[in-house]
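Okay, so here's the structure we're looking at.
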6 protein chains.
Amino acid sequence: MVTNIERPSKAVLAGFDGMGVATVHEAQGRKGLLASTMRPIYRPIHVAGSAVTCEVAPGDNWMIHVAVEQCQPGDVLVVAPTSECDGGYFGDLLATSLVARGVKGLVIDAGVRDVAVLTEMGFPVWSKVIFSEGTVKETLGNVNTPIVCAGVEIHPGDVIVADDDGVVVVSRAEAESVLEACRERETDEEEKRKRLASGELSLDIYSMRERLKAKGLKYVDSLDPD
Amino acid sequence: MVTNIERPSKAVLAGFDGMGVATVHEAQGRKGLLASTMRPIYRPIHVAGSAVTCEVAPGDNWMIHVAVEQCQPGDVLVVAPTSECDGGYFGDLLATSLVARGVKGLVIDAGVRDVAVLTEMGFPVWSKVIFSEGTVKETLGNVNTPIVCAGVEIHPGDVIVADDDGVVVVSRAEAESVLEACRERETDEEEKRKRLASGELSLDIYSMRERLKAKGLKYVDSLDPD
Amino acid sequence: MVTNIERPSKAVLAGFDGMGVATVHEAQGRKGLLASTMRPIYRPIHVAGSAVTCEVAPGDNWMIHVAVEQCQPGDVLVVAPTSECDGGYFGDLLATSLVARGVKGLVIDAGVRDVAVLTEMGFPVWSKVIFSEGTVKETLGNVNTPIVCAGVEIHPGDVIVADDDGVVVVSRAEAESVLEACRERETDEEEKRKRLASGELSLDIYSMRERLKAKGLKYVDSLDPD
Amino acid sequence: MVTNIERPSKAVLAGFDGMGVATVHEAQGRKGLLASTMRPIYRPIHVAGSAVTCEVAPGDNWMIHVAVEQCQPGDVLVVAPTSECDGGYFGDLLATSLVARGVKGLVIDAGVRDVAVLTEMGFPVWSKVIFSEGTVKETLGNVNTPIVCAGVEIHPGDVIVADDDGVVVVSRAEAESVLEACRERETDEEEKRKRLASGELSLDIYSMRERLKAKGLKYVDSLDPD
Amino acid sequence: MVTNIERPSKAVLAGFDGMGVATVHEAQGRKGLLASTMRPIYRPIHVAGSAVTCEVAPGDNWMIHVAVEQCQPGDVLVVAPTSECDGGYFGDLLATSLVARGVKGLVIDAGVRDVAVLTEMGFPVWSKVIFSEGTVKETLGNVNTPIVCAGVEIHPGDVIVADDDGVVVVSRAEAESVLEACRERETDEEEKRKRLASGELSLDIYSMRERLKAKGLKYVDSLDPD
Amino acid sequence: MVTNIERPSKAVLAGFDGMGVATVHEAQGRKGLLASTMRPIYRPIHVAGSAVTCEVAPGDNWMIHVAVEQCQPGDVLVVAPTSECDGGYFGDLLATSLVARGVKGLVIDAGVRDVAVLTEMGFPVWSKVIFSEGTVKETLGNVNTPIVCAGVEIHPGDVIVADDDGVVVVSRAEAESVLEACRERETDEEEKRKRLASGELSLDIYSMRERLKAKGLKYVDSLDPD
């Protein structure tokens with residue numbers, strides 16, 4: 001149980017608001033992407049916040065209750081079991097408690113339940129599975145220590161960005177520079193989007209034709225194969 | 001083929017209307033939950049009804065046609081193949097027939113098709129997969145005998161409750177007492193929800209702090225690690 | 001890279017507009033169905049068009065850029081990697097380019113990203129997974145050669161029909177006769193639907209009772225088991 | 001915890017010794033087969049015994065220790081978690097204890113560890129996974145009550161037969177008649193095997209040609225397609 | 001049902017004897033590899049033969065009996081269901097019949113049973129799963145028409161090569177040239193193997209250092225990070 | 001590319017020789033276990049060594065060639081792709097090169113090929129899948145930086161222990177104390193094994209009866225249920 005973790009500045013977190021997961025993933029050099037098994041419980045959906053990490057035992061959600069107290073406005077709770085587990089660790093009561101603390105969403109490499117209510121509440125959750133199986137409160141775990149969640153290491157205070165595509169993590173140390181790279185990428189893509197929409201081809205925009213030819217690409221006319 | 005099965009009373013079935021799967025699962029001692037592979041074809045969704053059970057051969061939906069005749073208003077049809085199969089056993093024609101008989105929904109540990117039409121009709125279905133593969137009509141099976149569906153034994157006349165979270169079954173014999181336990185749980189949760197929404201912590205509401213300390217939970221301040 | 005492929009007539013493609021996947025699959029003798037792992041990114045959804053095929057290396061979307069140039073209004077782009085891969089081959093920029101060329105949708109046995117934007121655009125996509133993982137542009141593949149996509153062989157110019165249920169392919173040579181069979185099937189089902197809705201049983205409509213009896217089906221009254 | 005369960009006679013259990021899983025499954029009308037996810041830890045392997053059932057909480061092997069005391073010579077221990085779990089519930093120490101009590105093997109719908117030692121000991125185990133993840137001893141479960149294991153209901157005292165193909169259960173009440181049917185099937189197959197080995201075709205042995213023709217099977221010579 | 005299919009020459013088939021799957025896959029330009037779900041029932045294992053193809057209905061092995069008659073010495077039987085199915089289509093009786101006809105092995109994208117006996121017989125089988133579930137004999141399919149098996153199109157008379165790594169198919173038309181390429185690859189690898197065994201590095205053998213440097217590879221000494 | 005990493009002492013590595021994965025996992029407080037998807041290519045099998053880490057692009061094994069040069073006698077090469085991939089990254093040529101450098105084994109969260117030859121060579125490999133699909137040499141990655149492999153973070157110089165059960169990692173800093181704990185655990189288990197073999201029950205050895213009773217465990221005699 002670690003208290004008083006460092007968090008990114010509010011300005012940085014605000015900068016990631018609305019930023020897409022694909023953009024962030026590309027902007028930081030194609031890393032930090034959680035496994036594709038992490039799916040949102042409703043769509044469209046988006047969140048950007050500061051990670052509070054929580055390691056739980058399989059089938060045991062006790063430490064989530066402990067983690068709630070460590071959460072502040074703007075946080076995203078990130079939960080990973082020490083062993084693969086599909087139990088329904090989280091439901092609408094815990095969500096109510098997190099909302100009361102200003103928490104923006106949940107990322108959990110396990111099961112979640114009460115998803116109809118969570119959807120009505122508009123509380124964003126990414127989970128491995130939707131499942132009601134109850135959990136116990138018997139075993140200690142860790143809060144705000146580094147954890148591996150859905151194949152990626154996450155430290156407390158890292159930036160979590162999640163949307164319809166999935167979840168990506170940005171280390172706190174790199175958050176500011178990654179945000180800058182995201183903005184550049186967005187500007188660049190906006191310009192490309194206009195050219196593509198007007199009918200220009202990516203083969204020309206990215207000057208691919210020569211390299212394709214060098215690699216040996218050949219065109220055969222099916223109506224005139226000779 | 002068993003006819004004239006016993007069903008729960010209408011009052012009991014009505015009582016389960018709108019009751020959440022997680023609530024029912026907890027109220028009956030954390031049993032009866034079908035595997036998380038059983039997913040609804042649309043959301044939000046809810047059904048509570050009396051099970052008509054139907055065991056089919058892999059890739060063969062003949063017995064579903066036989067089962068339809070045994071269905072009454074308020075029933076939920078529960079179908080399980082004798083061996084794992086993803087075939088599209090059920091589509092909008094069978095749904096039309098079930099609706100004509102007052103059947104409230106379908107739970108099938110296999111594939112379903114025509115889901116756009118089923119969604120438009122508002123006919124609730126939980127299935128393992130959405131798949132159009134056709135099935136044949138060659139092999140007999142059983143109707144209204146006990147079956148194992150998605151890992152759980154279901155008897156004809158058991159209560160089926162299903163929602164966005166999945167599917168749970170309550171044995172007919174226990175339906176009344178489980179319903180009572182559900183209501184108590186709902187009352188209790190409503191009160192907890194209010195306290196949590198006002199910012200009270202579950203650590204305090206459930207008096208967890210002492211037991212956590214006894215188990216050895218320690219708090220370390222990251223800014224003052226000594 | 002094959003250019004100038006033959007396509008079905010506009011009249012045939014128009015005929016498949018709105019035709020359901022289950023109907024097409026049945027009408028052509030229960031073949032041509034892509035694996036159930038191919039799921040639409042939003043619902044309801046429907047497309048019918050002429051296949052442009054594209055074979056890509058794992059984690060490499062270069063050939064999709066090449067394929068775009070071969071697409072015409074009314075086409076559906078069909079992409080399959082040479083080895084199983086979950087990379088995010090396709091996003092909103094490529095979709096913008098395809099829309100500019102009149103392409104009606106994408107079928108890809110791999111990952112897709114930017115699905116929130118694709119959904120807003122109303123650009124239909126069926127994919128194996130939603131995942132943002134970036135791809136490279138290093139390896140050549142094939143465009144408009146026969147490919148195996150999600151377990152089914154697809155030739156350029158084949159008809160692709162896809163909806164909430166999944167994806168089915170009709171060979172160009174058989175497209176006209178299959179369309180005719182689809183229309184007959186729809187007429188027949190419309191009549192059956194009315195009879196079923198009025199309460200008639202499929203056991204009677206399809207005259208199944210005699211054959212069930214011949215196979216040995218027995219009815220046991222649970223209230224009078226002797 | 002139920003004690004003093006009834007078991008099949010020693011003669012019946014001895015009769016199932018060496019009987020193949022496929023034979024038993026067919027002889028009892030194609031039922032009782034556990035899911036194909038249940039795999040032996042070594043091969044060749046075979047066991048036939050009387051089931052002691054044990055229901056455990058996810059990640060908690062406490063009740064296995066309780067179940068050991070209920071085991072007698074000739075038993076097979078059958079363990080199922082109440083929710084899907086891959087934890088390593090069972091290792092060489094528990095196996096040593098079971099061997100000391102004359103137990104013939106283990107069937108567990110979860111994880112097992114120390115498989116190198118178990119293989120050396122020649123202690124037969126069928127499990128869903130091989131995994132070392134430790135389990136706790138916190139939650140009660142049931143011993144010798146009916147359980148669902150790998151999709152099939154098993155009662156204490158049922159006959160378990162397992163081999164390289166997987167696991168099948170025979171209800172105690174039917175054990176004697178199923179054994180008789182197995183023996184008939186074996187005799188019949190032995191005769192068929194000789195005829196097939198001598199080159200006779202199953203098309204002729206089972207007189208399939210006429211029925212195939214009636215269903216419409218046609219032969220086309222690829223060298224003379226007209 | 002197509003009879004009298006063309007097969008590769010005996011010399012070509014003999015040439016593939018003992019040739020590894022990886023070698024064949026590489027030698028023909030990295031194509032033809034069946035999905036990694038196709039696993040051998042024992043190891044070590046190897047087969048090379050001429051494909052007899054057989055398309056079956058889900059849960060129905062009737063057409064395998066029909067296919068047996070079309071098999072000749074040196075053939076490998078290749079079976080694929082029209083829809084995904086785990087049923088136990090094939091056991092020791094069918095294997096006995098195939099052995100009597102000189103068939104060298106089986107590749108099946110479904111389930112197989114009696115694997116202990118098949119292993120004792122030394123009859124090579126690659127399957128998706130080991131499972132005893134019985135199949136019926138009700139529905140016609142195709143023999144010796146092109147099929148898609150485990151994601152790859154296979155024509156009757158194609159060369160099947162399979163070993164511990166899995167299964168690869170070579171089209172009949174390309175068999176001779178692919179065999180030649182395999183032999184060249186083997187000679188080349190034998191020489192590389194010797195150089196690597198003597199301690200030479202692949203970085204030098206393949207002259208990779210310059211291209212790595214051009215791509216930007218940098219070496220950092222962990223003991224002298226400046 | 002980091003060179004000159006620190007490694008555990010030879011004495012510590014020798015101490016882990018023959019130590020079981022379950023023992024190490026328990027001795028270090030139930031952490032460090034790679035996912036159960038990591039399976040050995042043959043059995044029995046065991047390795048203990050110092051990790052050289054290698055991060056590769058999906059479908060690209062170039063960096064493995066770079067990593068080979070960094071390996072020393074006693075090392076275990078640990079490879080993880082940046083995105084999930086089943087390609088056949090590693091075969092007998094790379095194994096020959098590693099053996100020439102004294103490397104003791106390979107752990108790879110992807111595919112491996114030539115497993116028949118690797119088995120003959122006795123070169124230990126744990127992989128996610130056996131698959132021959134070829135990989136390219138186009139994209140840079142990292143060698144000897146921290147990676148996440150099969151869900152667990154691994155640093156260069158960490159101790160890798162792997163056997164029939166799977167793979168576990170011990171951080172270099174904790175290696176000595178974990179080894180000590182392993183030895184204590186082995187001594188303790190040896191004594192327990194003797195008592196269990198003699199028929200003593202774990203219920204008594206671990207004094208569980210009282211705690212079970214306190215939790216409410218009740219015994220019901222099935223022959224005298226009143």
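Residue numbering restarts at 1 for every chain of the structure tokens, chains are lettered A, B, ... in their displayed order, and ligands are numbered from 1 as they appear.
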
Residues of segment 47-199 of chain F in strand (DSSP E or B), written as a PyMOL selection string: chain F and resi 47-56+60+75-81+85+88-90+105-112+125-130+136+142-143+147-149+152-154+159-163+166-170

Alpha helix (DSSP H) residues, from DSSP on the backbone, in segment 86-189 of chain B, as a PyMOL selection string: chain B and resi 92-100+115-121+175-189

Atom CA of Glu210 of chain E and atom CA of Gly59 of chain F are how many Å apart?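 We find that atom CA of Glu210 of chain E and atom CA of Gly59 of chain F lie 21.5 Å from each other.
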
Sorted by chain and rising residue number, list the residues of chain C at most 8 Å from chain F (counting only C-alpha atoms), each with its closest atom pair and distance in Å to one decimal, as a Markdown table.
```
| residue | atom | partner | partner_atom | distance |
| --- | --- | --- | --- | --- |
| C:Pro58 | CA | F:Gly59 | CA | 6.0 |
| C:Gly59 | CA | F:Pro58 | CA | 6.1 |
| C:Ser83 | CA | F:Glu133 | CA | 6.9 |
| C:Glu84 | CA | F:Asp86 | CA | 7.0 |
| C:Cys85 | CA | F:Cys85 | CA | 6.3 |
| C:Asp86 | CA | F:Glu84 | CA | 7.0 |
| C:Gly87 | CA | F:Ser83 | CA | 7.4 |
| C:Glu133 | CA | F:Ser83 | CA | 7.0 |
| C:Glu138 | CA | F:Glu138 | CA | 7.1 |
```

Atoms kept (C-alpha atoms) for selection, written as a PDB file, in the first residue's frame:
```pdb
ATOM      1  CA  PRO C  58       1.646 -10.264 -40.822  1.00  0.00           C
ATOM      2  CA  GLY C  59       1.892  -6.811 -39.217  1.00  0.00           C
ATOM      3  CA  SER C  83      -0.346 -15.736 -41.179  1.00  0.00           C
ATOM      4  CA  GLU C  84      -2.682 -15.119 -38.260  1.00  0.00           C
ATOM      5  CA  CYS C  85      -2.215 -11.546 -37.015  1.00  0.00           C
ATOM      6  CA  ASP C  86      -4.156  -9.172 -34.744  1.00  0.00           C
ATOM      7  CA  GLY C  87      -2.411  -5.945 -35.789  1.00  0.00           C
ATOM      8  CA  GLU C 133      -1.266  -2.023 -32.767  1.00  0.00           C
ATOM      9  CA  GLU C 138       7.966  -3.393 -45.735  1.00  0.00           C
TER      10      GLU C 138
END
```

Name the residues in contact with Gly88 of chain B at a cut-off of 12 Å, using only C-alpha atoms, excluding same-chain residues fewer than 3 positions from it; report them as a VMD selection string. (chain B and resid 58 to 61 81 85 91 to 92 94 108 to 115 127 to 136) or (chain C and resid 21 to 22 25 to 26 30 33 36 165 to 166) or (chain E and resid 58 83 to 84)

Report as a list in words all protein, DNA and RNA residues lying within 10 Å of segment 174-191 of chain A, evaluated on only C-alpha atoms, omitting residues in the same chain fewer than 6 positions from it. Pro8, Ser9, Ala11, Val12, Leu13, Gly15, Phe16, Met19, Gly20, Ala22, Thr23, Val24, His25, Glu26, Ala27, Gln28, Gly29, Asp158 and Val159 of chain A; Asp92 and Leu93 of chain C

Need the shell around Ile160 of chain B: protein/DNA/RNA residues with any atom at most 12 Å away, counting only C-alpha atoms. Skip same-chain ones fewer than 6 positions apart. Format as an MDAnalysis selection string? chainID B and resid 7:8 12:14 16:17 19:21 24:25 32:34 46:53 74:78 104:107 126 149 152:154 166:172 175

Save the residues we just selected, N, CA and C atoms, as a CSV table (one decimal), in the first residue's frame?
```
chain,number,residue,atom,x,y,z
B,7,ARG,N,-44.2,-25.8,-13.2
B,7,ARG,CA,-43.5,-24.5,-13.3
B,7,ARG,C,-43.7,-23.7,-12.0
B,8,PRO,N,-42.8,-22.7,-11.8
B,8,PRO,CA,-43.0,-21.8,-10.7
B,8,PRO,C,-44.3,-21.1,-10.8
B,12,VAL,N,-44.1,-15.8,-8.4
B,12,VAL,CA,-42.6,-15.9,-8.2
B,12,VAL,C,-41.9,-15.4,-9.4
B,13,LEU,N,-42.4,-15.8,-10.6
B,13,LEU,CA,-41.8,-15.3,-11.9
B,13,LEU,C,-41.8,-13.8,-12.0
B,14,ALA,N,-43.0,-13.3,-11.6
B,14,ALA,CA,-43.1,-11.8,-11.7
B,14,ALA,C,-42.2,-11.1,-10.7
B,16,PHE,N,-39.2,-12.0,-10.0
B,16,PHE,CA,-37.8,-12.0,-10.6
B,16,PHE,C,-37.7,-11.0,-11.8
B,17,ASP,N,-38.9,-10.4,-12.2
B,17,ASP,CA,-38.8,-9.4,-13.3
B,17,ASP,C,-38.0,-8.2,-12.9
B,19,MET,N,-35.0,-8.2,-11.8
B,19,MET,CA,-34.0,-8.6,-10.8
B,19,MET,C,-32.7,-8.8,-11.6
B,20,GLY,N,-31.6,-8.3,-11.1
B,20,GLY,CA,-30.3,-8.4,-11.8
B,20,GLY,C,-29.7,-9.8,-11.6
B,21,VAL,N,-28.9,-10.2,-12.6
B,21,VAL,CA,-28.3,-11.5,-12.5
B,21,VAL,C,-27.3,-11.6,-11.3
B,24,VAL,N,-29.2,-12.1,-8.1
B,24,VAL,CA,-29.7,-13.4,-7.9
B,24,VAL,C,-28.6,-14.4,-7.6
B,25,HIS,N,-27.5,-14.3,-8.3
B,25,HIS,CA,-26.4,-15.2,-8.1
B,25,HIS,C,-25.9,-15.1,-6.6
B,32,GLY,N,-25.2,-21.3,-9.8
B,32,GLY,CA,-26.2,-21.2,-10.8
B,32,GLY,C,-25.8,-20.3,-12.0
B,33,LEU,N,-24.6,-19.8,-12.0
B,33,LEU,CA,-24.2,-18.8,-13.1
B,33,LEU,C,-23.7,-19.6,-14.3
B,34,LEU,N,-24.3,-19.3,-15.4
B,34,LEU,CA,-23.8,-20.0,-16.7
B,34,LEU,C,-22.5,-19.3,-17.1
B,46,HIS,N,-33.3,-7.9,-20.6
B,46,HIS,CA,-33.6,-8.6,-19.3
B,46,HIS,C,-34.7,-9.6,-19.6
B,47,VAL,N,-34.6,-10.7,-18.9
B,47,VAL,CA,-35.7,-11.7,-19.0
B,47,VAL,C,-35.8,-12.5,-17.7
B,48,ALA,N,-37.0,-12.9,-17.3
B,48,ALA,CA,-37.1,-13.9,-16.2
B,48,ALA,C,-38.3,-14.8,-16.6
B,49,GLY,N,-38.0,-16.1,-16.5
B,49,GLY,CA,-39.1,-17.0,-17.0
B,49,GLY,C,-38.8,-18.4,-16.5
B,50,SER,N,-39.7,-19.3,-16.9
B,50,SER,CA,-39.6,-20.7,-16.5
B,50,SER,C,-39.0,-21.5,-17.6
B,51,ALA,N,-38.0,-22.3,-17.3
B,51,ALA,CA,-37.2,-23.0,-18.3
B,51,ALA,C,-37.9,-24.2,-18.9
B,52,VAL,N,-38.0,-24.2,-20.3
B,52,VAL,CA,-38.2,-25.4,-21.1
B,52,VAL,C,-36.9,-25.8,-21.6
B,53,THR,N,-36.4,-27.0,-21.3
B,53,THR,CA,-35.1,-27.5,-21.7
B,53,THR,C,-35.1,-28.3,-23.0
B,74,GLY,N,-44.7,-17.1,-20.7
B,74,GLY,CA,-43.8,-16.9,-19.5
B,74,GLY,C,-42.6,-17.8,-19.5
B,75,ASP,N,-42.5,-18.7,-20.5
B,75,ASP,CA,-41.4,-19.7,-20.5
B,75,ASP,C,-40.1,-19.0,-21.2
B,76,VAL,N,-39.0,-19.5,-20.8
B,76,VAL,CA,-37.7,-19.3,-21.5
B,76,VAL,C,-37.2,-20.6,-22.1
B,77,LEU,N,-36.9,-20.6,-23.4
B,77,LEU,CA,-36.4,-21.9,-24.0
B,77,LEU,C,-34.9,-21.9,-23.7
B,78,VAL,N,-34.4,-23.1,-23.2
B,78,VAL,CA,-33.0,-23.3,-22.9
B,78,VAL,C,-32.5,-24.4,-23.8
B,104,LYS,N,-40.7,-15.9,-23.6
B,104,LYS,CA,-40.1,-14.6,-23.3
B,104,LYS,C,-38.6,-14.5,-23.8
B,105,GLY,N,-38.0,-15.6,-24.1
B,105,GLY,CA,-36.6,-15.4,-24.6
B,105,GLY,C,-36.0,-16.8,-24.8
B,106,LEU,N,-34.7,-16.8,-25.3
B,106,LEU,CA,-34.0,-18.0,-25.6
B,106,LEU,C,-32.6,-17.9,-25.0
B,107,VAL,N,-32.1,-19.0,-24.4
B,107,VAL,CA,-30.8,-19.2,-23.9
B,107,VAL,C,-30.2,-20.4,-24.7
B,126,TRP,N,-29.6,-15.1,-25.5
B,126,TRP,CA,-28.2,-15.2,-25.0
B,126,TRP,C,-27.7,-16.4,-25.7
B,149,CYS,N,-26.1,-26.8,-19.5
B,149,CYS,CA,-26.0,-25.7,-20.4
B,149,CYS,C,-25.0,-24.7,-20.0
B,152,VAL,N,-23.7,-25.5,-16.4
B,152,VAL,CA,-24.6,-25.5,-15.3
B,152,VAL,C,-25.8,-26.4,-15.6
B,153,GLU,N,-26.2,-27.2,-14.5
B,153,GLU,CA,-27.4,-28.1,-14.7
B,153,GLU,C,-28.7,-27.3,-14.6
B,154,ILE,N,-29.6,-27.5,-15.6
B,154,ILE,CA,-30.8,-26.8,-15.6
B,154,ILE,C,-32.0,-27.9,-15.7
B,166,GLY,N,-25.3,-11.7,-18.2
B,166,GLY,CA,-25.3,-13.1,-18.5
B,166,GLY,C,-26.5,-13.8,-18.0
B,167,VAL,N,-26.4,-15.0,-17.6
B,167,VAL,CA,-27.6,-15.9,-17.3
B,167,VAL,C,-27.3,-16.6,-16.0
B,168,VAL,N,-28.4,-16.7,-15.2
B,168,VAL,CA,-28.3,-17.4,-13.9
B,168,VAL,C,-29.6,-18.3,-13.8
B,169,VAL,N,-29.4,-19.5,-13.2
B,169,VAL,CA,-30.6,-20.3,-13.0
B,169,VAL,C,-30.9,-20.5,-11.5
B,170,VAL,N,-32.2,-20.6,-11.2
B,170,VAL,CA,-32.6,-20.8,-9.8
B,170,VAL,C,-33.5,-22.1,-9.8
B,171,SER,N,-33.2,-23.0,-9.0
B,171,SER,CA,-34.0,-24.2,-9.0
B,171,SER,C,-35.4,-23.9,-8.5
B,172,ARG,N,-36.4,-24.6,-9.1
B,172,ARG,CA,-37.8,-24.3,-8.8
B,172,ARG,C,-38.1,-24.4,-7.3
B,175,ALA,N,-36.9,-21.3,-5.6
B,175,ALA,CA,-37.2,-20.0,-6.2
B,175,ALA,C,-37.8,-19.0,-5.2
```
